[in-house]
Each structure stands twice: as structure tokens, then as C-alpha cells.
>>> print(open('run_8.pdb').read())   # PDB, C-alpha atoms
ATOM      1  CA  MET A 822     206.298 136.140-124.255
ATOM      2  CA  ARG A 823     203.347 134.232-122.828
ATOM      3  CA  GLN A 824     201.000 137.091-123.764
ATOM      4  CA  GLN A 825     202.284 137.047-127.354
ATOM      5  CA  ASN A 826     201.689 133.296-127.575
ATOM      6  CA  ASN A 827     198.160 133.728-126.180
ATOM      7  CA  ALA A 828     197.464 136.475-128.713
ATOM      8  CA  ARG A 829     198.707 134.295-131.578
ATOM      9  CA  THR A 830     196.572 131.410-130.371
ATOM     10  CA  SER A 831     193.472 133.595-130.170
ATOM     11  CA  ARG A 832     194.121 135.024-133.650
ATOM     12  CA  SER A 833     194.559 131.538-135.121
ATOM     13  CA  THR A 834     191.360 130.392-133.415
ATOM     14  CA  VAL A 835     189.418 133.354-134.803
ATOM     15  CA  SER A 836     190.804 132.770-138.296
ATOM     16  CA  SER A 837     189.910 129.070-138.147
ATOM     17  CA  TRP A 838     186.374 129.940-137.086
ATOM     18  CA  ARG A 839     186.131 132.398-139.974
ATOM     19  CA  ARG A 840     187.312 129.794-142.467
ATOM     20  CA  ALA A 841     184.829 127.288-141.067
ATOM     21  CA  LEU A 842     181.983 129.805-141.377
ATOM     22  CA  GLN A 843     182.979 130.645-144.929
ATOM     23  CA  GLU A 844     183.069 126.984-145.903
ATOM     24  CA  TYR A 845     180.062 125.679-143.984
ATOM     25  CA  GLY A 846     178.053 128.812-143.155
ATOM     26  CA  TRP A 847     175.499 128.551-145.947
ATOM     27  CA  GLY A 848     175.176 124.836-145.382
ATOM     28  CA  LEU A 849     174.326 125.453-141.722
ATOM     29  CA  VAL A 850     171.789 128.101-142.729
ATOM     30  CA  PHE A 851     169.989 125.633-144.981
ATOM     31  CA  LEU A 852     170.109 122.965-142.258
ATOM     32  CA  LEU A 853     168.531 125.202-139.604
ATOM     33  CA  PRO A 854     164.889 124.592-140.717
ATOM     34  CA  ALA A 855     165.417 120.813-140.661
ATOM     35  CA  ILE A 856     167.103 121.034-137.249
ATOM     36  CA  ALA A 857     164.221 123.134-135.927
ATOM     37  CA  VAL A 858     161.658 120.642-137.226
ATOM     38  CA  PHE A 859     163.560 117.753-135.615
ATOM     39  CA  CYS A 860     163.771 119.572-132.289
ATOM     40  CA  VAL A 861     160.097 120.579-132.207
ATOM     41  CA  PHE A 862     158.475 117.421-133.577
ATOM     42  CA  LEU A 863     160.973 114.693-132.601
ATOM     43  CA  TRP A 864     163.276 115.467-129.722
ATOM     44  CA  THR A 865     160.836 117.592-127.727
ATOM     45  CA  PRO A 866     158.203 114.796-127.630
ATOM     46  CA  ILE A 867     160.920 112.308-126.661
ATOM     47  CA  ALA A 868     162.066 114.541-123.793
ATOM     48  CA  LYS A 869     158.473 115.112-122.662
ATOM     49  CA  GLY A 870     157.767 111.390-122.859
ATOM     50  CA  ILE A 871     160.722 110.665-120.574
ATOM     51  CA  PHE A 872     159.517 113.369-118.166
ATOM     52  CA  TYR A 873     155.892 112.143-118.116
ATOM     53  CA  SER A 874     157.011 108.541-117.541
ATOM     54  CA  PHE A 875     157.815 109.558-113.941
ATOM     55  CA  MET A 876     154.526 111.400-113.471
ATOM     56  CA  ASN A 877     150.883 110.633-112.841
ATOM     57  CA  VAL A 878     149.353 112.726-115.618
ATOM     58  CA  ASP A 879     146.010 114.239-114.623
ATOM     59  CA  PHE A 880     144.647 117.105-116.704
ATOM     60  CA  VAL A 881     142.030 117.998-114.057
ATOM     61  CA  ARG A 882     143.873 117.902-110.728
ATOM     62  CA  GLY A 883     147.356 118.385-112.130
ATOM     63  CA  ASN A 884     150.364 116.129-112.567
ATOM     64  CA  SER A 885     152.126 114.518-109.630
ATOM     65  CA  PHE A 886     155.541 112.873-109.386
ATOM     66  CA  VAL A 887     155.354 109.115-108.784
ATOM     67  CA  GLY A 888     158.939 108.076-109.472
ATOM     68  CA  LEU A 889     159.299 104.545-110.851
ATOM     69  CA  ALA A 890     155.713 103.537-110.057
ATOM     70  CA  ASN A 891     154.716 103.506-113.740
ATOM     71  CA  TYR A 892     157.611 101.206-114.580
ATOM     72  CA  ARG A 893     156.775  98.857-111.702
ATOM     73  CA  GLU A 894     153.168  98.627-112.908
ATOM     74  CA  ILE A 895     154.350  97.842-116.421
ATOM     75  CA  PHE A 896     156.575  94.944-115.376
ATOM     76  CA  ALA A 897     153.851  93.572-113.097
ATOM     77  CA  SER A 898     151.221  93.551-115.854
ATOM     78  CA  SER A 899     150.310  90.242-117.473
ATOM     79  CA  VAL A 900     148.862  92.047-120.503
ATOM     80  CA  LEU A 901     152.251  93.661-121.094
ATOM     81  CA  THR A 902     153.948  90.256-121.134
ATOM     82  CA  LYS A 903     151.360  89.036-123.633
ATOM     83  CA  SER A 904     151.844  92.092-125.865
ATOM     84  CA  VAL A 905     155.642  91.739-125.800
ATOM     85  CA  LEU A 906     155.468  88.065-126.767
ATOM     86  CA  ASN A 907     152.969  88.883-129.529
ATOM     87  CA  THR A 908     155.250  91.617-130.841
ATOM     88  CA  LEU A 909     158.270  89.315-130.910
ATOM     89  CA  TYR A 910     156.212  86.660-132.695
ATOM     90  CA  TYR A 911     154.962  89.263-135.160
ATOM     91  CA  MET A 912     158.519  90.498-135.836
ATOM     92  CA  LEU A 913     159.701  86.911-136.377
ATOM     93  CA  LEU A 914     156.906  86.231-138.859
ATOM     94  CA  CYS A 915     157.665  89.456-140.723
ATOM     95  CA  VAL A 916     161.313  88.395-141.085
ATOM     96  CA  LEU A 917     160.483  84.844-142.158
ATOM     97  CA  ILE A 918     157.648  85.766-144.527
ATOM     98  CA  GLY A 919     158.128  89.353-145.603
ATOM     99  CA  PHE A 920     161.797  90.287-145.345
ATOM    100  CA  TRP A 921     162.946  88.212-148.330
ATOM    101  CA  VAL A 922     160.098  89.135-150.675
ATOM    102  CA  PRO A 923     161.398  92.616-151.711
ATOM    103  CA  SER A 924     164.922  91.381-152.504
ATOM    104  CA  ILE A 925     163.660  88.388-154.488
ATOM    105  CA  VAL A 926     161.262  90.581-156.479
ATOM    106  CA  SER A 927     163.902  93.258-157.133
ATOM    107  CA  ILE A 928     166.480  90.699-158.297
ATOM    108  CA  ALA A 929     163.879  89.105-160.581
ATOM    109  CA  ILE A 930     163.003  92.512-162.072
ATOM    110  CA  SER A 931     166.685  93.368-162.593
ATOM    111  CA  GLU A 932     167.118  90.188-164.635
ATOM    112  CA  LEU A 933     164.231  91.017-166.985
ATOM    113  CA  ARG A 934     165.078  91.975-170.549
ATOM    114  CA  TRP A 935     161.835  93.859-171.161
ATOM    115  CA  PHE A 936     159.140  95.719-169.163
ATOM    116  CA  LYS A 937     161.432  96.669-166.272
ATOM    117  CA  GLY A 938     159.803 100.089-165.867
ATOM    118  CA  THR A 939     156.306  98.595-165.950
ATOM    119  CA  MET A 940     157.181  96.017-163.319
ATOM    120  CA  ARG A 941     158.624  98.698-161.033
ATOM    121  CA  LEU A 942     155.307 100.543-161.235
ATOM    122  CA  VAL A 943     153.305  97.370-160.605
ATOM    123  CA  VAL A 944     155.445  96.477-157.578
ATOM    124  CA  TYR A 945     154.938  99.918-156.006
ATOM    125  CA  LEU A 946     151.185 100.134-156.645
ATOM    126  CA  PRO A 947     150.133  98.505-153.300
ATOM    127  CA  ASN A 948     151.917 101.326-151.427
ATOM    128  CA  ILE A 949     149.595 103.967-152.850
ATOM    129  CA  VAL A 950     146.371 102.143-151.927
ATOM    130  CA  PRO A 951     144.541 104.178-149.224
ATOM    131  CA  ALA A 952     144.465 102.509-145.831
ATOM    132  CA  VAL A 953     140.648 102.415-145.655
ATOM    133  CA  VAL A 954     140.441 100.638-149.004
ATOM    134  CA  LEU A 955     143.303  98.320-148.080
ATOM    135  CA  TYR A 956     141.827  97.107-144.804
ATOM    136  CA  GLY A 957     138.363  96.740-146.333
ATOM    137  CA  MET A 958     139.839  94.696-149.169
ATOM    138  CA  TRP A 959     141.661  92.327-146.807
ATOM    139  CA  GLN A 960     138.601  91.892-144.611
ATOM    140  CA  TRP A 961     136.708  90.866-147.737
ATOM    141  CA  LEU A 962     139.504  88.503-148.825
ATOM    142  CA  TYR A 963     139.677  86.900-145.373
ATOM    143  CA  ASP A 964     135.911  86.555-145.008
ATOM    144  CA  PRO A 965     134.827  82.925-144.333
ATOM    145  CA  LEU A 966     133.073  82.991-147.720
ATOM    146  CA  GLY A 967     135.657  85.228-149.364
ATOM    147  CA  PRO A 968     138.177  84.601-152.148
ATOM    148  CA  ALA A 969     140.926  83.274-149.836
ATOM    149  CA  ASN A 970     138.780  80.358-148.677
ATOM    150  CA  GLN A 971     137.540  79.758-152.197
ATOM    151  CA  ILE A 972     141.131  79.298-153.346
ATOM    152  CA  VAL A 973     141.761  76.936-150.423
ATOM    153  CA  SER A 974     138.674  74.907-151.375
ATOM    154  CA  TRP A 975     139.959  74.517-154.958
ATOM    155  CA  PHE A 976     142.902  72.565-153.552
ATOM    156  CA  GLY A 977     140.675  70.429-151.352
ATOM    157  CA  GLY A 978     141.317  72.326-148.131
ATOM    158  CA  HIS A 979     138.866  73.151-145.375
ATOM    159  CA  GLN A 980     137.549  76.594-144.531
ATOM    160  CA  ILE A 981     140.034  78.738-142.593
ATOM    161  CA  MET A 982     138.955  81.394-140.110
ATOM    162  CA  TRP A 983     141.750  83.776-141.050
ATOM    163  CA  LEU A 984     141.076  86.570-138.557
ATOM    164  CA  THR A 985     139.336  84.712-135.723
ATOM    165  CA  ASP A 986     141.557  81.637-135.440
ATOM    166  CA  LYS A 987     144.335  82.160-132.878
ATOM    167  CA  SER A 988     146.871  80.256-134.970
ATOM    168  CA  MET A 989     146.115  82.147-138.212
ATOM    169  CA  ALA A 990     145.277  85.714-137.151
ATOM    170  CA  MET A 991     148.860  86.976-136.874
ATOM    171  CA  ILE A 992     149.944  85.180-140.058
ATOM    172  CA  SER A 993     147.042  86.787-141.923
ATOM    173  CA  ILE A 994     148.125  90.238-140.737
ATOM    174  CA  VAL A 995     151.721  89.628-141.821
ATOM    175  CA  ILE A 996     150.605  88.519-145.293
ATOM    176  CA  ALA A 997     148.484  91.666-145.672
ATOM    177  CA  GLU A 998     151.281  93.993-144.535
ATOM    178  CA  THR A 999     153.865  92.247-146.721
ATOM    179  CA  TRP A1000     151.696  92.777-149.784
ATOM    180  CA  GLN A1001     151.171  96.424-148.945
ATOM    181  CA  SER A1002     154.698  97.509-148.024
ATOM    182  CA  PHE A1003     157.183  95.361-149.927
ATOM    183  CA  GLY A1004     157.217  97.761-152.903
ATOM    184  CA  THR A1005     159.245 100.474-151.148
ATOM    185  CA  ALA A1006     161.955  98.050-150.048
ATOM    186  CA  ALA A1007     161.992  96.488-153.533
ATOM    187  CA  LEU A1008     162.688  99.893-155.102
ATOM    188  CA  ILE A1009     165.550 100.458-152.628
ATOM    189  CA  TYR A1010     167.047  97.110-153.588
ATOM    190  CA  LEU A1011     166.579  97.960-157.278
ATOM    191  CA  ALA A1012     168.437 101.264-156.774
ATOM    192  CA  GLY A1013     171.318  99.337-155.222
ATOM    193  CA  ILE A1014     171.343  96.804-158.051
ATOM    194  CA  VAL A1015     171.346  99.558-160.696
ATOM    195  CA  SER A1016     174.465 101.065-159.068
ATOM    196  CA  ILE A1017     176.428  97.823-159.578
ATOM    197  CA  PRO A1018     178.926  98.288-162.466
ATOM    198  CA  LYS A1019     177.692  96.603-165.633
ATOM    199  CA  ASP A1020     181.247  95.509-166.408
ATOM    200  CA  LEU A1021     180.972  92.860-163.697
ATOM    201  CA  TYR A1022     177.941  91.290-165.332
ATOM    202  CA  GLU A1023     179.461  91.476-168.807
ATOM    203  CA  ALA A1024     182.662  89.817-167.604
ATOM    204  CA  ALA A1025     180.651  87.119-165.841
ATOM    205  CA  GLU A1026     178.624  86.423-169.003
ATOM    206  CA  MET A1027     181.804  86.168-171.045
ATOM    207  CA  ASP A1028     183.109  83.621-168.549
ATOM    208  CA  GLY A1029     179.944  81.577-169.014
ATOM    209  CA  ALA A1030     178.184  82.480-165.759
ATOM    210  CA  GLY A1031     174.452  81.791-165.691
ATOM    211  CA  VAL A1032     171.665  83.788-164.079
ATOM    212  CA  MET A1033     171.934  82.111-160.672
ATOM    213  CA  GLN A1034     175.721  82.473-160.621
ATOM    214  CA  ARG A1035     175.475  86.199-161.422
ATOM    215  CA  ILE A1036     172.950  86.658-158.646
ATOM    216  CA  ARG A1037     174.981  84.622-156.145
ATOM    217  CA  TYR A1038     178.436  86.062-156.790
ATOM    218  CA  ILE A1039     177.691  89.627-157.977
ATOM    219  CA  THR A1040     174.214  90.905-157.090
ATOM    220  CA  ILE A1041     173.779  89.633-153.529
ATOM    221  CA  PRO A1042     177.314  90.544-152.285
ATOM    222  CA  SER A1043     176.967  94.024-153.832
ATOM    223  CA  ILE A1044     173.726  94.819-151.984
ATOM    224  CA  ARG A1045     174.688  93.135-148.722
ATOM    225  CA  HIS A1046     174.788  96.485-146.901
ATOM    226  CA  LEU A1047     171.170  97.107-147.968
ATOM    227  CA  TYR A1048     170.136  93.828-146.343
ATOM    228  CA  VAL A1049     171.547  95.033-143.019
ATOM    229  CA  LEU A1050     170.009  98.499-143.334
ATOM    230  CA  LEU A1051     166.553  97.263-144.309
ATOM    231  CA  PHE A1052     166.694  94.536-141.667
ATOM    232  CA  ILE A1053     167.212  97.202-139.000
ATOM    233  CA  LEU A1054     164.448  99.367-140.466
ATOM    234  CA  GLN A1055     162.090  96.390-140.585
ATOM    235  CA  LEU A1056     162.760  95.492-136.962
ATOM    236  CA  ILE A1057     162.081  99.084-135.939
ATOM    237  CA  GLY A1058     158.967  99.310-138.103
ATOM    238  CA  THR A1059     157.450  95.974-137.105
ATOM    239  CA  SER A1060     158.108  96.596-133.419
ATOM    240  CA  GLN A1061     155.783  99.614-133.732
ATOM    241  CA  GLY A1062     153.081  97.866-135.749
ATOM    242  CA  PHE A1063     149.489  98.316-134.625
ATOM    243  CA  LEU A1064     147.380  99.834-137.447
ATOM    244  CA  THR A1065     146.645  96.591-139.290
ATOM    245  CA  HIS A1066     146.060  94.770-136.013
ATOM    246  CA  MET A1067     143.609  97.431-134.894
ATOM    247  CA  ALA A1068     141.770  97.516-138.250
ATOM    248  CA  LEU A1069     141.523  93.777-138.937
ATOM    249  CA  THR A1070     141.350  92.080-135.534
ATOM    250  CA  GLY A1071     141.209  94.760-132.832
ATOM    251  CA  GLY A1072     143.934  92.878-130.962
ATOM    252  CA  GLY A1073     141.900  89.665-130.892
ATOM    253  CA  PRO A1074     141.042  86.928-130.742
ATOM    254  CA  ASN A1075     141.669  86.892-126.987
ATOM    255  CA  ASN A1076     144.584  89.369-127.303
ATOM    256  CA  THR A1077     146.392  87.082-129.764
ATOM    257  CA  THR A1078     147.307  90.002-132.038
ATOM    258  CA  LEU A1079     147.713  92.634-129.324
ATOM    259  CA  THR A1080     151.142  94.176-129.926
ATOM    260  CA  TYR A1081     153.239  96.329-127.619
ATOM    261  CA  MET A1082     152.521  99.507-129.592
ATOM    262  CA  TYR A1083     148.808  98.719-129.652
ATOM    263  CA  GLN A1084     148.909  98.359-125.875
ATOM    264  CA  ILE A1085     150.574 101.788-125.601
ATOM    265  CA  ILE A1086     147.712 103.255-127.639
ATOM    266  CA  ASN A1087     145.191 101.528-125.374
ATOM    267  CA  GLU A1088     146.894 102.821-122.231
ATOM    268  CA  ALA A1089     147.018 106.389-123.526
ATOM    269  CA  PHE A1090     143.692 106.834-125.325
ATOM    270  CA  THR A1091     141.440 104.108-123.870
ATOM    271  CA  ASN A1092     142.596 103.904-120.243
ATOM    272  CA  LEU A1093     143.789 107.560-120.231
ATOM    273  CA  ASN A1094     146.911 106.506-118.314
ATOM    274  CA  TYR A1095     149.413 108.777-120.054
ATOM    275  CA  GLY A1096     152.169 108.270-117.494
ATOM    276  CA  ARG A1097     152.160 104.508-117.964
ATOM    277  CA  ALA A1098     151.952 104.873-121.756
ATOM    278  CA  SER A1099     154.940 107.254-121.673
ATOM    279  CA  ALA A1100     156.925 104.761-119.604
ATOM    280  CA  MET A1101     156.155 102.016-122.124
ATOM    281  CA  GLY A1102     157.294 104.340-124.912
ATOM    282  CA  VAL A1103     160.557 105.069-123.091
ATOM    283  CA  LEU A1104     161.246 101.341-122.734
ATOM    284  CA  MET A1105     160.609 100.832-126.452
ATOM    285  CA  PHE A1106     162.915 103.765-127.276
ATOM    286  CA  ILE A1107     165.737 102.275-125.188
ATOM    287  CA  VAL A1108     165.368  98.822-126.727
ATOM    288  CA  LEU A1109     165.247 100.097-130.327
ATOM    289  CA  ALA A1110     168.156 102.492-129.815
ATOM    290  CA  THR A1111     170.270  99.690-128.341
ATOM    291  CA  LEU A1112     169.296  97.362-131.174
ATOM    292  CA  SER A1113     170.240  99.943-133.808
ATOM    293  CA  ILE A1114     173.619 100.596-132.190
ATOM    294  CA  VAL A1115     174.400  96.881-132.006
ATOM    295  CA  MET A1116     173.378  96.239-135.614
ATOM    296  CA  TYR A1117     175.369  99.167-136.973
ATOM    297  CA  SER A1118     178.427  98.161-134.972
ATOM    298  CA  ILE A1119     178.166  94.649-136.435
ATOM    299  CA  GLN A1120     177.882  96.157-139.908
ATOM    300  CA  GLY A1121     180.935  98.350-139.300
ATOM    301  CA  ARG A1122     182.998  95.387-138.126
ATOM    302  CA  SER A1123     181.996  93.368-141.199
ATOM    303  CA  LYS A1124     183.087  96.210-143.481
ATOM    304  CA  GLN A1125     186.474  96.442-141.741
ATOM    305  CA  ALA A1126     186.916  92.676-142.052
TER     306      ALA A1126
END
>>> encode(input="run_8.pdb", output="C-alpha cells")
Amino acid sequence: MRQQNNARTSRSTVSSWRRALQEYGWGLVFLLPAIAVFCVFLWTPIAKGIFYSFMNVDFVRGNSFVGLANYREIFASSVLTKSVLNTLYYMLLCVLIGFWVPSIVSIAISELRWFKGTMRLVVYLPNIVPAVVLYGMWQWLYDPLGPANQIVSWFGGHQIMWLTDKSMAMISIVIAETWQSFGTAALIYLAGIVSIPKDLYEAAEMDGAGVMQRIRYITIPSIRHLYVLLFILQLIGTSQGFLTHMALTGGGPNNTTLTYMYQIINEAFTNLNYGRASAMGVLMFIVLATLSIVMYSIQGRSKQA
């Protein structure tokens, strides 16, 4: 009796596996290249980074295990503390200055009666500017005798040292990056606004709702999930920012714009301390993964509520 039950169980298991393969087999086949790419170019470097964070990497005499020595050196470094504080300040400025720009622009474009397609193209144009041209343009704009100071002088202001003043260097970088990258987020917001049923707007107009009331009670609540998603993506992206800092200020003046990611690059390719750079990368991975989990759990709870 027990053998018959075992045989029935095995047959049902085999049949369920067959049904699953018939339903999802081709889908798995098409997913295999993407899975392979993720394993080779994403998860393998992460695993190697974790491994090298416990090693003293030496390409001449060979690697040696040092345990938590790299992590102890990181936490004892004053430059690391400076780079972490700079990164947090940079992330805060990006949220205060740049996070709201894409949503405001996308809502304004959605309310236009004409030239919506043209404005979408204009908004996205800064994203296709090559990096070399972009950084050269901003260095020219921020020059002491450049257009930015000329505009300030028109309003009776004094000359501003945009990239060499400690109080203005990070703000200048945030303004440049906001101009360059807000177009992608604006298009994502526009896609979310387009998906809102038009019946809601028509009913609101029939009830006498104005532009601000439509935006407040229909548009913003409908794209609330995009605010959470793009907020998480912005935190992750800004925490890894270093290209603009390296191109415009080189981390200066006096390490004022030295970010955590920039310090990782310096440790790996300037100081050739790959073990310490890997340990810093592991710490960043843990912090960002924890942040993403917390933010998504908050989003899930808000949806349930």
C-alpha cells in the first residue's frame, strides 16, 4: 500500500514537472542569456569583491588573507569620514534641488494643449549630450568670467567662485547633474501620467476643477508609486556619484567634493589598494541593499493601507 502511494506521488510529481516545462520551458530558454549575463557581469564581480575585501591584493607577490584588516583601516581613516559626509550632503542636495524638477516638468508638459511631443524631445536633449562636451560646457559656464557670473552681475551680485569656493562647489555640481539627467525621470513620470484614465480628468473638469486641483487630487496621487521608485533609484545613483566631481573639481577644494565612490576609485586605481577598495564597495553594497529593502517594505505597507 505504501509503495503504491509512493508510486502515485512520484507520477504526480513527474506530471507536474512536465506541465511546468510545457508552460514555462520556452520562457526559461529565452531568459537563460539574460541570466548568464547577470551572473558573469554582475554577481560574479560582487562575489569576487566580497572575497577580495578580506585579502591583501598583490599582483606581484600574490594575494594574502588579512581578515578584517581592510575594514579596520577603513573605519580608522579620516578621509573616509570626510567622503561619507560629503556623499550624504551631496545626496541631500540632489533631493532638495533635483528630485522635484522632473515631476514638476512632466506635470507641466502633461497640462500643455500644444507642442507636447516637442517639449518631450527638448526635455530629453541634455541626456544625449556627450560627457566630454557636457563637462567642458559647465566649466565654461562656471568660469569666473563666464556666463553664470555675468548673469549674477546683472542682478547686482558679486562674482562667485563656483568650483573653487567650498560652500558653492557641491551645489554647482548638483545643478549641473540635475540639468543633465532630469530628462529620463521626466519621461518616466510622463509615462505614468499618460496611463491615468482620461475619464478622471473629464469628470473633474465637468465638476469645475481647475488645473491645480486636477494636479493635486488626480495626477500626484496616481503617480505616487513612481515617486517612491525614483526616490530609491536617485538615492542609489547619487550615492555612487563621482564622474562630475572628478571632471569639474577633482574632489576639491580641500576634499570638499570628494565622495565615497570617488574615494573607492582613488583607493583602487591611484593607491592600488584593491583589498581596501573592495571592502569599501562591500560596505556600500550592504547599505544600499538595506536601504532598498526598507523603502520597498514601506511602499508595500502603504499600498496595503
>>> closest_atom_pairs(input="run_8.pdb", of="region 1001-1083 of chain A", to="region 943-963 of chain A", cutoff="9 Å", atoms="all atoms listed in the file", output="JSON lines")
{"residue": "A:Gln1001", "atom": "CA", "partner": "A:Pro947", "partner_atom": "CA", "distance": 4.9}
{"residue": "A:Ser1002", "atom": "CA", "partner": "A:Asn948", "partner_atom": "CA", "distance": 5.8}
{"residue": "A:Phe1003", "atom": "CA", "partner": "A:Tyr945", "partner_atom": "CA", "distance": 7.9}
{"residue": "A:Gly1004", "atom": "CA", "partner": "A:Tyr945", "partner_atom": "CA", "distance": 4.4}
{"residue": "A:Thr1005", "atom": "CA", "partner": "A:Tyr945", "partner_atom": "CA", "distance": 6.5}
{"residue": "A:Ala1007", "atom": "CA", "partner": "A:Val944", "partner_atom": "CA", "distance": 7.7}
{"residue": "A:Leu1008", "atom": "CA", "partner": "A:Tyr945", "partner_atom": "CA", "distance": 7.8}
{"residue": "A:Thr1065", "atom": "CA", "partner": "A:Tyr956", "partner_atom": "CA", "distance": 7.3}
{"residue": "A:Ala1068", "atom": "CA", "partner": "A:Tyr956", "partner_atom": "CA", "distance": 6.6}
{"residue": "A:Leu1069", "atom": "CA", "partner": "A:Gln960", "partner_atom": "CA", "distance": 6.7}
>>> atom_distance(input="run_8.pdb", atom1="CA of Ser837 (chain A)", atom2="CA of Leu849 (chain A)")
16.4 Å
>>> closest_residue(input="run_8.pdb", among="A:Val878, A:Leu853, A:Cys915, A:Ala868", to="Ile992 (chain A)", atoms="only C-alpha atoms")
A:Cys915
>>> residues_around(input="run_8.pdb", residues="region 1093-1103 of chain A", least_positions_apart="5", cutoff="10 Å", atoms="only C-alpha atoms", output="MDAnalysis selection string")
chainID A and resid 867:879 884 886:887 889:896 901 1081:1082 1084:1088 1108:1109
>>> atom_distance(input="run_8.pdb", atom1="CA of Lys937 (chain A)", atom2="CA of Val916 (chain A)")
26.5 Å
>>> residues_around(input="run_8.pdb", residues="region 917-923 of chain A", least_positions_apart="5", cutoff="8 Å", atoms="only C-alpha atoms", output="tab-separated table (two decimals) with C-alpha atoms, in the frame of the given file")
chain	number	residue	atom	x	y	z
A	995	VAL	CA	151.72	89.63	-141.82
A	996	ILE	CA	150.60	88.52	-145.29
A	999	THR	CA	153.86	92.25	-146.72
A	1003	PHE	CA	157.18	95.36	-149.93
A	1004	GLY	CA	157.22	97.76	-152.90
A	1006	ALA	CA	161.96	98.05	-150.05
A	1007	ALA	CA	161.99	96.49	-153.53
A	1010	TYR	CA	167.05	97.11	-153.59
A	1052	PHE	CA	166.69	94.54	-141.67
A	1055	GLN	CA	162.09	96.39	-140.58
>>> resolve_selection(input="run_8.pdb", expression="the PyMOL selection byres ((chain A and resi 1076) around 10)", output="PyMOL selection string")
chain A and resi 900+903-904+907+987+1070-1075+1077-1080
>>> write_last_selection(input="run_8.pdb", atoms="C-alpha atoms", output="mmCIF file, in the coordinates of the input")
data_model
loop_
_atom_site.group_PDB
_atom_site.id
_atom_site.type_symbol
_atom_site.label_atom_id
_atom_site.label_comp_id
_atom_site.auth_asym_id
_atom_site.auth_seq_id
_atom_site.Cartn_x
_atom_site.Cartn_y
_atom_site.Cartn_z
ATOM 1 C CA VAL A 900 148.862 92.047 -120.503
ATOM 2 C CA LYS A 903 151.360 89.036 -123.633
ATOM 3 C CA SER A 904 151.844 92.092 -125.865
ATOM 4 C CA ASN A 907 152.969 88.883 -129.529
ATOM 5 C CA LYS A 987 144.335 82.160 -132.878
ATOM 6 C CA THR A 1070 141.350 92.080 -135.534
ATOM 7 C CA GLY A 1071 141.209 94.760 -132.832
ATOM 8 C CA GLY A 1072 143.934 92.878 -130.962
ATOM 9 C CA GLY A 1073 141.900 89.665 -130.892
ATOM 10 C CA PRO A 1074 141.042 86.928 -130.742
ATOM 11 C CA ASN A 1075 141.669 86.892 -126.987
ATOM 12 C CA THR A 1077 146.392 87.082 -129.764
ATOM 13 C CA THR A 1078 147.307 90.002 -132.038
ATOM 14 C CA LEU A 1079 147.713 92.634 -129.324
ATOM 15 C CA THR A 1080 151.142 94.176 -129.926
#
>>> atom_distance(input="run_8.pdb", atom1="CA of Ile1009 (chain A)", atom2="CA of Leu1051 (chain A)")
9.0 Å
>>> closest_residue(input="run_8.pdb", among="A:Glu998, A:Val881, A:Trp864, A:Asp964", to="Met982 (chain A)", atoms="only C-alpha atoms")
A:Asp964
>>> resolve_selection(input="run_8.pdb", expression="the PyMOL selection byres ((chain A and resi 930) around 12)", output="MDAnalysis selection string")
chainID A and resid 923:929 931:944 1007:1008 1010:1012 1014:1015
>>> closest_residue(input="run_8.pdb", among="A:Phe851, A:Val1115, A:Gly1013, A:Lys1019", to="Leu1047 (chain A)", atoms="only C-alpha atoms")
A:Gly1013
>>> closest_residue(input="run_8.pdb", among="A:Val905, A:Ala897, A:Met1067, A:Ile1107", to="Leu984 (chain A)", atoms="all atoms listed in the file")
A:Met1067
>>> closest_residue(input="run_8.pdb", among="A:Gln980, A:Leu914, A:Leu1104, A:Gln1061", to="Ser993 (chain A)", atoms="all atoms listed in the file")
A:Leu914
>>> axis_aligned_box(input="run_8.pdb", around="region 930-945 of chain A", padding_each_side="4 Å", output="lines of an AutoDock Vina configuration file")
center_x = 160.2
center_y = 95.4
center_z = -163.6
size_x = 21.8
size_y = 18.4
size_z = 23.2
